[in-house]
>>> print(open('target_34.cif').read())   # mmCIF, C-alpha atoms
data_query
loop_
_atom_site.label_atom_id
_atom_site.label_comp_id
_atom_site.auth_asym_id
_atom_site.auth_seq_id
_atom_site.Cartn_x
_atom_site.Cartn_y
_atom_site.Cartn_z
CA MET N 1 136.18 148.44 298.84
CA GLN N 2 137.19 146.59 302.01
CA LYS N 3 139.69 147.67 304.66
CA HIS N 4 140.36 147.78 308.38
CA VAL N 5 140.45 151.02 310.36
CA LEU N 6 141.50 151.87 313.92
CA LEU N 7 139.07 153.99 315.92
CA ASN N 8 139.70 156.02 319.04
CA VAL N 9 137.03 155.30 321.66
CA SER N 10 136.06 157.88 324.29
CA ASP N 11 137.30 155.61 327.12
CA GLY N 12 140.84 155.96 325.83
CA THR N 13 141.05 152.63 324.04
CA THR N 14 141.46 151.89 320.34
CA MET N 15 139.23 149.54 318.40
CA GLN N 16 139.75 147.89 315.05
CA ALA N 17 136.80 147.76 312.68
CA TYR N 18 136.14 146.21 309.30
CA VAL N 19 134.88 148.62 306.66
CA SER N 20 133.14 147.72 303.41
CA THR N 21 131.88 150.35 300.98
CA PRO N 22 130.39 150.34 297.47
CA ASP N 23 132.86 150.26 294.61
CA SER N 24 131.05 153.09 292.85
CA ASN N 25 131.43 156.80 293.48
CA GLY N 26 128.77 158.80 295.25
CA SER N 27 127.36 159.26 298.72
CA PHE N 28 125.78 156.42 300.64
CA PRO N 29 123.75 155.73 303.78
CA GLY N 30 125.84 154.28 306.59
CA ILE N 31 125.34 151.12 308.64
CA ILE N 32 127.05 150.05 311.85
CA LEU N 33 127.14 146.25 311.87
CA PHE N 34 127.55 144.51 315.21
CA GLN N 35 129.03 141.03 315.52
CA GLU N 36 127.85 137.88 317.21
CA ALA N 37 129.92 136.80 320.21
CA PHE N 38 132.38 135.01 317.94
CA GLY N 39 134.13 138.03 316.49
CA VAL N 40 134.18 140.00 313.28
CA ASN N 41 134.70 136.77 311.40
CA GLY N 42 134.17 135.69 307.81
CA HIS N 43 130.40 135.59 308.24
CA ILE N 44 130.16 139.12 309.64
CA ARG N 45 132.55 140.49 307.04
CA GLY N 46 130.43 138.76 304.42
CA VAL N 47 127.29 140.46 305.71
CA ALA N 48 129.10 143.80 305.56
CA ASP N 49 130.07 143.11 301.95
CA ARG N 50 126.47 142.20 301.08
CA PHE N 51 125.29 145.54 302.43
CA ALA N 52 128.02 147.35 300.52
CA LYS N 53 126.79 145.74 297.30
CA GLU N 54 123.34 147.13 298.12
CA GLY N 55 124.76 150.65 298.30
CA TYR N 56 125.65 151.11 301.97
CA ALA N 57 128.87 152.17 303.69
CA VAL N 58 129.36 149.65 306.50
CA ILE N 59 131.58 149.54 309.57
CA ALA N 60 131.81 146.45 311.81
CA PRO N 61 133.69 147.05 315.10
CA GLU N 62 135.52 144.45 317.17
CA LEU N 63 133.51 144.66 320.38
CA PHE N 64 135.97 142.65 322.48
CA HIS N 65 138.79 145.12 321.94
CA HIS N 66 139.21 145.77 325.67
CA THR N 67 140.20 142.19 326.45
CA ALA N 68 140.92 140.30 323.21
CA PRO N 69 143.69 140.67 320.64
CA VAL N 70 143.07 142.53 317.41
CA GLY N 71 141.32 140.32 314.88
CA PHE N 72 139.95 137.97 317.55
CA GLU N 73 137.69 135.18 316.28
CA ALA N 74 136.35 132.15 318.15
CA PRO N 75 134.92 128.84 316.93
CA TYR N 76 131.14 128.59 317.04
CA ASN N 77 131.27 125.36 319.03
CA ASP N 78 133.36 126.60 321.97
CA PHE N 79 131.80 129.47 323.91
CA SER N 80 134.39 129.06 326.67
CA VAL N 81 136.84 130.91 324.41
CA VAL N 82 134.41 133.80 324.22
CA ALA N 83 133.11 133.85 327.80
CA PRO N 84 135.73 136.05 329.52
CA HIS N 85 135.48 138.70 326.79
CA PHE N 86 131.70 138.54 326.73
CA GLN N 87 131.45 138.91 330.49
CA ALA N 88 133.70 141.96 330.46
CA LEU N 89 131.29 143.98 328.31
CA THR N 90 129.35 146.86 329.84
CA TYR N 91 126.44 148.97 328.64
CA ASP N 92 128.49 152.17 328.76
CA GLY N 93 131.43 150.53 327.02
CA LEU N 94 129.26 149.25 324.19
CA ALA N 95 127.60 152.64 323.85
CA ALA N 96 131.05 154.23 323.56
CA ASP N 97 132.07 151.71 320.91
CA ALA N 98 128.92 152.45 318.93
CA LYS N 99 129.53 156.19 319.13
CA ALA N 100 133.08 155.76 317.85
CA CYS N 101 131.67 154.00 314.79
CA TYR N 102 128.95 156.61 314.33
CA ASP N 103 131.50 159.43 314.59
CA TRP N 104 133.71 157.72 312.01
CA LEU N 105 130.84 157.42 309.55
CA VAL N 106 129.88 161.07 310.05
CA GLN N 107 133.45 162.06 309.24
CA GLN N 108 133.36 160.32 305.85
CA ALA N 109 132.66 162.55 302.88
CA ASN N 110 130.84 159.76 301.04
CA VAL N 111 128.37 158.98 303.86
CA GLN N 112 124.97 160.65 304.14
CA HIS N 113 125.15 161.81 307.73
CA ASP N 114 121.41 161.87 308.38
CA LYS N 115 121.02 158.30 307.09
CA ILE N 116 122.94 156.10 309.50
CA GLY N 117 121.52 152.89 310.92
CA ALA N 118 122.63 149.93 313.01
CA ILE N 119 122.13 146.19 312.79
CA GLY N 120 123.40 143.35 314.93
CA PHE N 121 123.12 139.63 315.54
CA CYS N 122 122.70 138.01 318.98
CA LEU N 123 125.18 140.01 321.09
CA GLY N 124 125.16 142.51 318.25
CA GLY N 125 121.37 142.67 318.37
CA ARG N 126 121.68 144.00 321.91
CA VAL N 127 124.31 146.51 320.82
CA ALA N 128 122.11 147.71 317.95
CA PHE N 129 119.42 148.43 320.55
CA ILE N 130 121.93 150.26 322.75
CA SER N 131 123.02 152.26 319.70
CA ASN N 132 119.45 153.27 318.93
CA ALA N 133 119.00 154.36 322.55
CA THR N 134 122.16 156.47 322.60
CA LEU N 135 122.68 157.75 319.05
CA PRO N 136 120.53 159.73 316.57
CA LEU N 137 120.08 156.82 314.20
CA ALA N 138 117.60 156.70 311.33
CA ALA N 139 116.80 152.99 311.80
CA ALA N 140 118.01 149.94 313.69
CA VAL N 141 117.62 146.16 313.43
CA SER N 142 118.17 143.46 316.06
CA PHE N 143 118.39 139.82 315.07
CA TYR N 144 117.65 137.60 318.10
CA GLY N 145 119.24 140.08 320.47
CA GLY N 146 120.50 138.25 323.53
CA GLY N 147 120.02 140.09 326.83
CA LEU N 148 117.64 142.68 325.43
CA ASP N 149 115.11 141.91 328.15
CA ALA N 150 117.64 143.05 330.76
CA ILE N 151 117.85 146.53 329.21
CA ALA N 152 114.24 146.84 328.08
CA ASP N 153 113.88 149.93 330.26
CA LYS N 154 116.05 151.77 327.72
CA ALA N 155 113.23 151.48 325.16
CA LYS N 156 112.06 154.95 326.17
CA ASP N 157 115.32 156.35 324.75
CA LEU N 158 115.08 154.85 321.25
CA HIS N 159 115.67 157.48 318.58
CA SER N 160 114.31 155.68 315.54
CA PRO N 161 112.11 152.79 314.35
CA HIS N 162 113.44 149.38 315.38
CA LEU N 163 113.01 146.05 313.59
CA PHE N 164 113.23 142.90 315.72
CA PHE N 165 113.72 139.32 314.49
CA TRP N 166 113.32 136.26 316.71
CA GLY N 167 113.37 132.54 316.08
CA GLY N 168 110.25 130.76 317.26
CA LEU N 169 112.32 127.65 318.02
CA ASP N 170 114.93 129.59 320.02
CA THR N 171 115.38 128.03 323.46
CA HIS N 172 117.87 130.73 324.51
CA ILE N 173 115.55 133.69 324.03
CA THR N 174 112.20 132.44 325.32
CA PRO N 175 108.82 134.03 324.53
CA ASP N 176 108.63 135.75 327.90
CA LYS N 177 111.89 137.57 327.18
CA VAL N 178 110.64 138.65 323.77
CA ASP N 179 107.42 139.86 325.37
CA THR N 180 109.37 141.92 327.91
CA VAL N 181 111.23 143.73 325.13
CA ILE N 182 108.28 144.37 322.87
CA LYS N 183 105.99 145.45 325.71
CA ALA N 184 108.61 148.00 326.78
CA VAL N 185 108.97 149.40 323.27
CA HIS N 186 105.20 149.51 322.81
CA THR N 187 104.61 151.16 326.18
CA ALA N 188 107.25 153.77 325.37
CA GLY N 189 105.30 154.64 322.22
CA LYS N 190 108.22 153.90 319.91
CA GLU N 191 107.88 152.71 316.31
CA TYR N 192 108.79 149.07 315.81
CA ILE N 193 108.26 145.94 313.75
CA ASN N 194 108.32 142.64 315.59
CA VAL N 195 108.94 139.47 313.56
CA ILE N 196 108.85 135.99 315.05
CA ILE N 197 109.74 133.33 312.50
CA SER N 198 108.07 130.26 313.93
CA TYR N 199 110.18 127.69 312.08
CA ALA N 200 113.57 129.30 312.77
CA ASN N 201 116.02 128.75 315.61
CA HIS N 202 118.54 131.03 317.27
CA ALA N 203 121.20 132.31 314.85
CA PHE N 204 119.08 131.33 311.85
CA PHE N 205 120.78 133.98 309.70
CA CYS N 206 124.33 132.64 310.04
CA ASP N 207 125.15 130.18 307.25
CA ALA N 208 128.24 129.00 309.16
CA ARG N 209 126.17 127.55 312.03
CA PRO N 210 124.04 124.39 312.27
CA SER N 211 120.97 126.46 313.15
CA TYR N 212 121.08 128.28 309.80
CA ASN N 213 117.73 128.36 308.05
CA ALA N 214 118.07 129.43 304.42
CA GLN N 215 114.41 130.27 303.96
CA ALA N 216 114.18 132.37 307.10
CA ALA N 217 117.47 134.10 306.31
CA LYS N 218 116.31 135.01 302.81
CA GLU N 219 113.03 136.42 304.08
CA ALA N 220 114.66 138.35 306.93
CA TRP N 221 117.27 139.82 304.58
CA ALA N 222 114.57 141.07 302.19
CA LEU N 223 112.64 142.71 305.01
CA THR N 224 115.82 144.23 306.45
CA LEU N 225 116.71 145.83 303.12
CA ALA N 226 113.17 147.16 302.69
CA PHE N 227 113.17 148.53 306.24
CA PHE N 228 116.44 150.41 305.85
CA LYS N 229 115.47 151.70 302.41
CA ASN N 230 112.12 153.01 303.60
CA LYS N 231 113.41 154.63 306.76
CA PHE N 232 116.38 156.27 305.05
CA GLU N 233 114.22 157.59 302.21
CA ASN N 234 111.97 159.27 304.76
CA LYS N 235 114.83 161.25 306.27
#
>>> encode(input="target_34.cif", output="structure tokens")
Amino acid sequence: MQKHVLLNVSDGTTMQAYVSTPDSNGSFPGIILFQEAFGVNGHIRGVADRFAKEGYAVIAPELFHHTAPVGFEAPYNDFSVVAPHFQALTYDGLAADAKACYDWLVQQANVQHDKIGAIGFCLGGRVAFISNATLPLAAAVSFYGGGLDAIADKAKDLHSPHLFFWGGLDTHITPDKVDTVIKAVHTAGKEYINVIISYANHAFFCDARPSYNAQAAKEAWALTLAFFKNKFENK
């Protein structure tokens, strides 16, 4: 089942989110899915639906709700449309958005409250990390998280195992930035899996972008599903 919901955020704002849940009855693990910088668009909604078919209750919040209209989407080839909204984001604001989603999932009778994870892509990869540092998640996944090196000091606060994906051909997130993140997580003694796909570029998972790599996306999806399944089963 797919729908949109309006969430109340602790800073007094409201935030629309896309929700996709399994069609069957029962109780399900929950996943907070964080967008790329281009909105909760067809690609992100499609990822949510894929997770729902795998048996997860998924919520994907509109992270630009402070500055952009409800339902905001931007073309992949024009970052200037995104820039003012992107630049207005703050760590505390993103943490509050994540908590609003977490609280919503916990309030659902069909969600297993001790089995909630987060996943995000690019911008969303950073927000998944923030979520893991601020919420009692069971697992979290960051695909090529932009800006993670700038908040690597938050690694000490991670609540659960974290899976990282990076593209070896990514010129935006260079190896030194990846090293900064992973060294911080390792030094903090946190559980993690670090995956660098040497033949993939930035945004390799998004089939709506030129950098899409079908092979890398298929492999990363399989590992993501295994990771969530294993971590949730151990709760």
>>> residues_near_point(input="target_34.cif", point="(116.7, 155.5, 324.1)", cutoff="6 Å", atoms="only C-alpha atoms", output="NGL selection string")
:N and (133-134 or 154-159)
>>> closest_atom_pairs(input="target_34.cif", of="region 16-98 of chain N", to="region 191-213 of chain N", cutoff="12 Å", atoms="all atoms listed in the file", output="tab-separated table")
residue	atom	partner	partner_atom	distance
N:Gln35	CA	N:Cys206	CA	11.1
N:Glu36	CA	N:Ala203	CA	9.0
N:Ala37	CA	N:Ala203	CA	11.2
N:Phe38	CA	N:Arg209	CA	11.4
N:Asn41	CA	N:Ala208	CA	10.3
N:Gly42	CA	N:Ala208	CA	9.0
N:His43	CA	N:Cys206	CA	7.0
N:Ile44	CA	N:Cys206	CA	8.7
N:Arg45	CA	N:Cys206	CA	11.8
N:Gly46	CA	N:Cys206	CA	10.3
N:Val47	CA	N:Cys206	CA	9.4
N:Pro75	CA	N:Arg209	CA	10.1
N:Tyr76	CA	N:Arg209	CA	7.1
N:Asn77	CA	N:Arg209	CA	8.9
>>> closest_residue(input="target_34.cif", among="N:Gly168, N:Pro61, N:Thr67, N:Gly39", to="Ala118 (chain N)", atoms="all atoms listed in the file")
N:Pro61
>>> atom_distance(input="target_34.cif", atom1="CA of Ile32 (chain N)", atom2="CA of Cys101 (chain N)")
6.8 Å
>>> atom_distance(input="target_34.cif", atom1="CA of Leu148 (chain N)", atom2="CA of Ile116 (chain N)")
21.5 Å
>>> atom_distance(input="target_34.cif", atom1="CA of Ala100 (chain N)", atom2="CA of Leu33 (chain N)")
12.7 Å
>>> residues_around(input="target_34.cif", residues="region 106-114 of chain N", least_positions_apart="2", cutoff="7 Å", atoms="all atoms listed in the file", output="number ranges by chain")
N: 26-30, 57, 102-104, 116, 235
>>> closest_residue(input="target_34.cif", among="N:Gly125, N:Pro161, N:Pro22, N:Gly120", to="Ala139 (chain N)", atoms="all atoms listed in the file")
N:Pro161
>>> residues_near_point(input="target_34.cif", point="(123.2, 154.1, 316.1)", cutoff="6 Å", atoms="all atoms listed in the file", output="VMD selection string")
chain N and resid 117 to 118 131 to 132 135 137
>>> closest_residue(input="target_34.cif", among="N:Ala184, N:Leu89, N:Leu123, N:Ile31", to="His66 (chain N)", atoms="all atoms listed in the file")
N:Leu89
>>> residues_around(input="target_34.cif", residues="His172 (chain N)", least_positions_apart="3", cutoff="10 Å", atoms="all atoms listed in the file", output="ChimeraX atom specification")
/N:144,146-147,167,169,175,177,201-202
>>> decode(input="target_34.cif", residues="region 44-198 of chain N", atoms="C-alpha atoms", output="JSON list (two decimals), in the first residue's frame")
[["chain", "number", "residue", "atom", "x", "y", "z"],
["N", 44, "ILE", "CA", 13.03, 7.10, -4.41],
["N", 45, "ARG", "CA", 9.38, 6.08, -4.31],
["N", 46, "GLY", "CA", 10.33, 3.09, -6.43],
["N", 47, "VAL", "CA", 13.04, 2.08, -3.95],
["N", 48, "ALA", "CA", 10.48, 2.35, -1.14],
["N", 49, "ASP", "CA", 8.11, 0.10, -3.07],
["N", 50, "ARG", "CA", 10.89, -2.45, -3.65],
["N", 51, "PHE", "CA", 11.54, -2.62, 0.08],
["N", 52, "ALA", "CA", 7.81, -2.98, 0.75],
["N", 53, "LYS", "CA", 7.71, -5.98, -1.58],
["N", 54, "GLU", "CA", 10.52, -7.48, 0.51],
["N", 55, "GLY", "CA", 8.40, -7.19, 3.65],
["N", 56, "TYR", "CA", 9.34, -3.81, 5.09],
["N", 57, "ALA", "CA", 7.24, -0.81, 6.14],
["N", 58, "VAL", "CA", 8.99, 2.20, 4.59],
["N", 59, "ILE", "CA", 8.72, 5.94, 5.12],
["N", 60, "ALA", "CA", 10.56, 8.45, 2.89],
["N", 61, "PRO", "CA", 10.46, 12.05, 4.20],
["N", 62, "GLU", "CA", 10.77, 15.22, 2.14],
["N", 63, "LEU", "CA", 13.94, 16.67, 3.65],
["N", 64, "PHE", "CA", 13.56, 20.11, 2.06],
["N", 65, "HIS", "CA", 10.25, 20.78, 3.78],
["N", 66, "HIS", "CA", 11.56, 23.93, 5.49],
["N", 67, "THR", "CA", 12.20, 25.77, 2.23],
["N", 68, "ALA", "CA", 10.58, 23.88, -0.67],
["N", 69, "PRO", "CA", 6.95, 23.27, -1.55],
["N", 70, "VAL", "CA", 5.30, 19.96, -0.73],
["N", 71, "GLY", "CA", 6.14, 17.35, -3.34],
["N", 72, "PHE", "CA", 9.28, 19.17, -4.49],
["N", 73, "GLU", "CA", 11.33, 17.39, -7.16],
["N", 74, "ALA", "CA", 14.25, 18.71, -9.20],
["N", 75, "PRO", "CA", 15.81, 17.54, -12.46],
["N", 76, "TYR", "CA", 19.03, 15.56, -12.09],
["N", 77, "ASN", "CA", 20.87, 17.84, -14.50],
["N", 78, "ASP", "CA", 20.24, 21.16, -12.73],
["N", 79, "PHE", "CA", 21.62, 21.35, -9.20],
["N", 80, "SER", "CA", 20.98, 25.10, -9.11],
["N", 81, "VAL", "CA", 17.31, 24.29, -8.46],
["N", 82, "VAL", "CA", 18.34, 22.25, -5.44],
["N", 83, "ALA", "CA", 21.16, 24.43, -4.07],
["N", 84, "PRO", "CA", 19.20, 26.88, -1.87],
["N", 85, "HIS", "CA", 17.27, 24.05, -0.21],
["N", 86, "PHE", "CA", 20.38, 21.92, 0.20],
["N", 87, "GLN", "CA", 22.33, 24.77, 1.77],
["N", 88, "ALA", "CA", 19.56, 25.44, 4.28],
["N", 89, "LEU", "CA", 19.86, 21.99, 5.85],
["N", 90, "THR", "CA", 21.34, 21.62, 9.34],
["N", 91, "TYR", "CA", 22.50, 18.65, 11.38],
["N", 92, "ASP", "CA", 19.93, 19.30, 14.09],
["N", 93, "GLY", "CA", 17.15, 19.83, 11.57],
["N", 94, "LEU", "CA", 17.92, 16.56, 9.80],
["N", 95, "ALA", "CA", 18.09, 14.74, 13.13],
["N", 96, "ALA", "CA", 14.65, 16.13, 14.00],
["N", 97, "ASP", "CA", 13.26, 15.01, 10.64],
["N", 98, "ALA", "CA", 14.64, 11.52, 11.19],
["N", 99, "LYS", "CA", 13.13, 11.34, 14.67],
["N", 100, "ALA", "CA", 9.72, 12.35, 13.32],
["N", 101, "CYS", "CA", 9.89, 9.41, 10.93],
["N", 102, "TYR", "CA", 11.10, 7.04, 13.64],
["N", 103, "ASP", "CA", 8.30, 8.16, 15.97],
["N", 104, "TRP", "CA", 5.74, 7.62, 13.22],
["N", 105, "LEU", "CA", 6.96, 4.08, 12.60],
["N", 106, "VAL", "CA", 6.89, 3.29, 16.32],
["N", 107, "GLN", "CA", 3.29, 4.43, 16.46],
["N", 108, "GLN", "CA", 2.21, 1.96, 13.77],
["N", 109, "ALA", "CA", 0.65, -1.25, 15.03],
["N", 110, "ASN", "CA", 2.06, -3.25, 12.11],
["N", 111, "VAL", "CA", 5.70, -2.19, 12.65],
["N", 112, "GLN", "CA", 8.12, -4.16, 14.83],
["N", 113, "HIS", "CA", 9.39, -1.36, 17.01],
["N", 114, "ASP", "CA", 12.75, -2.92, 17.84],
["N", 115, "LYS", "CA", 13.50, -3.54, 14.16],
["N", 116, "ILE", "CA", 13.78, -0.12, 12.55],
["N", 117, "GLY", "CA", 16.61, 0.83, 10.22],
["N", 118, "ALA", "CA", 17.61, 3.68, 7.93],
["N", 119, "ILE", "CA", 19.03, 3.90, 4.43],
["N", 120, "GLY", "CA", 19.90, 6.86, 2.25],
["N", 121, "PHE", "CA", 21.54, 7.88, -0.99],
["N", 122, "CYS", "CA", 24.06, 10.72, -1.37],
["N", 123, "LEU", "CA", 22.48, 13.46, 0.80],
["N", 124, "GLY", "CA", 20.35, 10.69, 2.24],
["N", 125, "GLY", "CA", 23.45, 8.65, 3.02],
["N", 126, "ARG", "CA", 24.55, 11.44, 5.32],
["N", 127, "VAL", "CA", 21.11, 11.57, 6.94],
["N", 128, "ALA", "CA", 21.13, 7.80, 7.49],
["N", 129, "PHE", "CA", 24.40, 8.28, 9.39],
["N", 130, "ILE", "CA", 22.89, 11.13, 11.42],
["N", 131, "SER", "CA", 19.90, 8.90, 12.17],
["N", 132, "ASN", "CA", 22.13, 6.10, 13.41],
["N", 133, "ALA", "CA", 23.96, 8.59, 15.63],
["N", 134, "THR", "CA", 20.77, 10.00, 17.15],
["N", 135, "LEU", "CA", 18.21, 7.18, 17.15],
["N", 136, "PRO", "CA", 18.15, 3.62, 18.56],
["N", 137, "LEU", "CA", 18.22, 1.97, 15.15],
["N", 138, "ALA", "CA", 18.87, -1.71, 14.51],
["N", 139, "ALA", "CA", 20.87, -1.10, 11.31],
["N", 140, "ALA", "CA", 21.72, 1.66, 8.86],
["N", 141, "VAL", "CA", 23.03, 1.92, 5.29],
["N", 142, "SER", "CA", 24.69, 4.85, 3.51],
["N", 143, "PHE", "CA", 25.11, 4.83, -0.25],
["N", 144, "TYR", "CA", 27.88, 7.28, -1.25],
["N", 145, "GLY", "CA", 27.01, 9.64, 1.57],
["N", 146, "GLY", "CA", 28.04, 13.15, 0.63],
["N", 147, "GLY", "CA", 29.50, 15.22, 3.46],
["N", 148, "LEU", "CA", 29.98, 12.29, 5.82],
["N", 149, "ASP", "CA", 33.62, 13.23, 6.34],
["N", 150, "ALA", "CA", 32.51, 16.55, 7.84],
["N", 151, "ILE", "CA", 30.52, 14.77, 10.57],
["N", 152, "ALA", "CA", 32.82, 11.79, 11.06],
["N", 153, "ASP", "CA", 33.27, 12.79, 14.70],
["N", 154, "LYS", "CA", 29.70, 11.61, 15.29],
["N", 155, "ALA", "CA", 30.82, 8.01, 14.64],
["N", 156, "LYS", "CA", 31.24, 7.55, 18.39],
["N", 157, "ASP", "CA", 27.46, 7.96, 18.76],
["N", 158, "LEU", "CA", 26.37, 5.26, 16.29],
["N", 159, "HIS", "CA", 23.78, 2.95, 17.82],
["N", 160, "SER", "CA", 23.93, 0.05, 15.38],
["N", 161, "PRO", "CA", 26.01, -1.60, 12.63],
["N", 162, "HIS", "CA", 26.45, 0.59, 9.57],
["N", 163, "LEU", "CA", 26.92, -0.50, 5.94],
["N", 164, "PHE", "CA", 28.72, 1.93, 3.63],
["N", 165, "PHE", "CA", 28.79, 1.85, -0.18],
["N", 166, "TRP", "CA", 31.12, 3.99, -2.29],
["N", 167, "GLY", "CA", 31.89, 4.19, -5.98],
["N", 168, "GLY", "CA", 35.55, 3.73, -6.80],
["N", 169, "LEU", "CA", 35.16, 6.06, -9.79],
["N", 170, "ASP", "CA", 33.44, 8.78, -7.74],
["N", 171, "THR", "CA", 35.24, 12.10, -8.18],
["N", 172, "HIS", "CA", 32.91, 13.85, -5.71],
["N", 173, "ILE", "CA", 33.69, 11.64, -2.73],
["N", 174, "THR", "CA", 37.43, 11.04, -2.98],
["N", 175, "PRO", "CA", 39.33, 8.23, -1.23],
["N", 176, "ASP", "CA", 40.63, 10.55, 1.48],
["N", 177, "LYS", "CA", 37.07, 11.44, 2.46],
["N", 178, "VAL", "CA", 36.09, 7.78, 2.58],
["N", 179, "ASP", "CA", 39.15, 7.07, 4.71],
["N", 180, "THR", "CA", 38.19, 9.84, 7.15],
["N", 181, "VAL", "CA", 34.76, 8.29, 7.68],
["N", 182, "ILE", "CA", 35.86, 4.70, 8.02],
["N", 183, "LYS", "CA", 38.81, 5.53, 10.27],
["N", 184, "ALA", "CA", 36.43, 7.39, 12.60],
["N", 185, "VAL", "CA", 33.99, 4.49, 12.75],
["N", 186, "HIS", "CA", 36.81, 2.00, 13.28],
["N", 187, "THR", "CA", 38.46, 4.11, 15.98],
["N", 188, "ALA", "CA", 35.12, 4.44, 17.76],
["N", 189, "GLY", "CA", 34.91, 0.64, 17.88],
["N", 190, "LYS", "CA", 31.60, 0.53, 16.02],
["N", 191, "GLU", "CA", 30.46, -2.36, 13.82],
["N", 192, "TYR", "CA", 30.55, -1.60, 10.12],
["N", 193, "ILE", "CA", 30.90, -2.99, 6.62],
["N", 194, "ASN", "CA", 32.75, -0.86, 4.10],
["N", 195, "VAL", "CA", 32.19, -1.59, 0.40],
["N", 196, "ILE", "CA", 34.04, 0.20, -2.38],
["N", 197, "ILE", "CA", 32.85, -0.88, -5.81],
["N", 198, "SER", "CA", 35.84, -0.10, -7.98]]
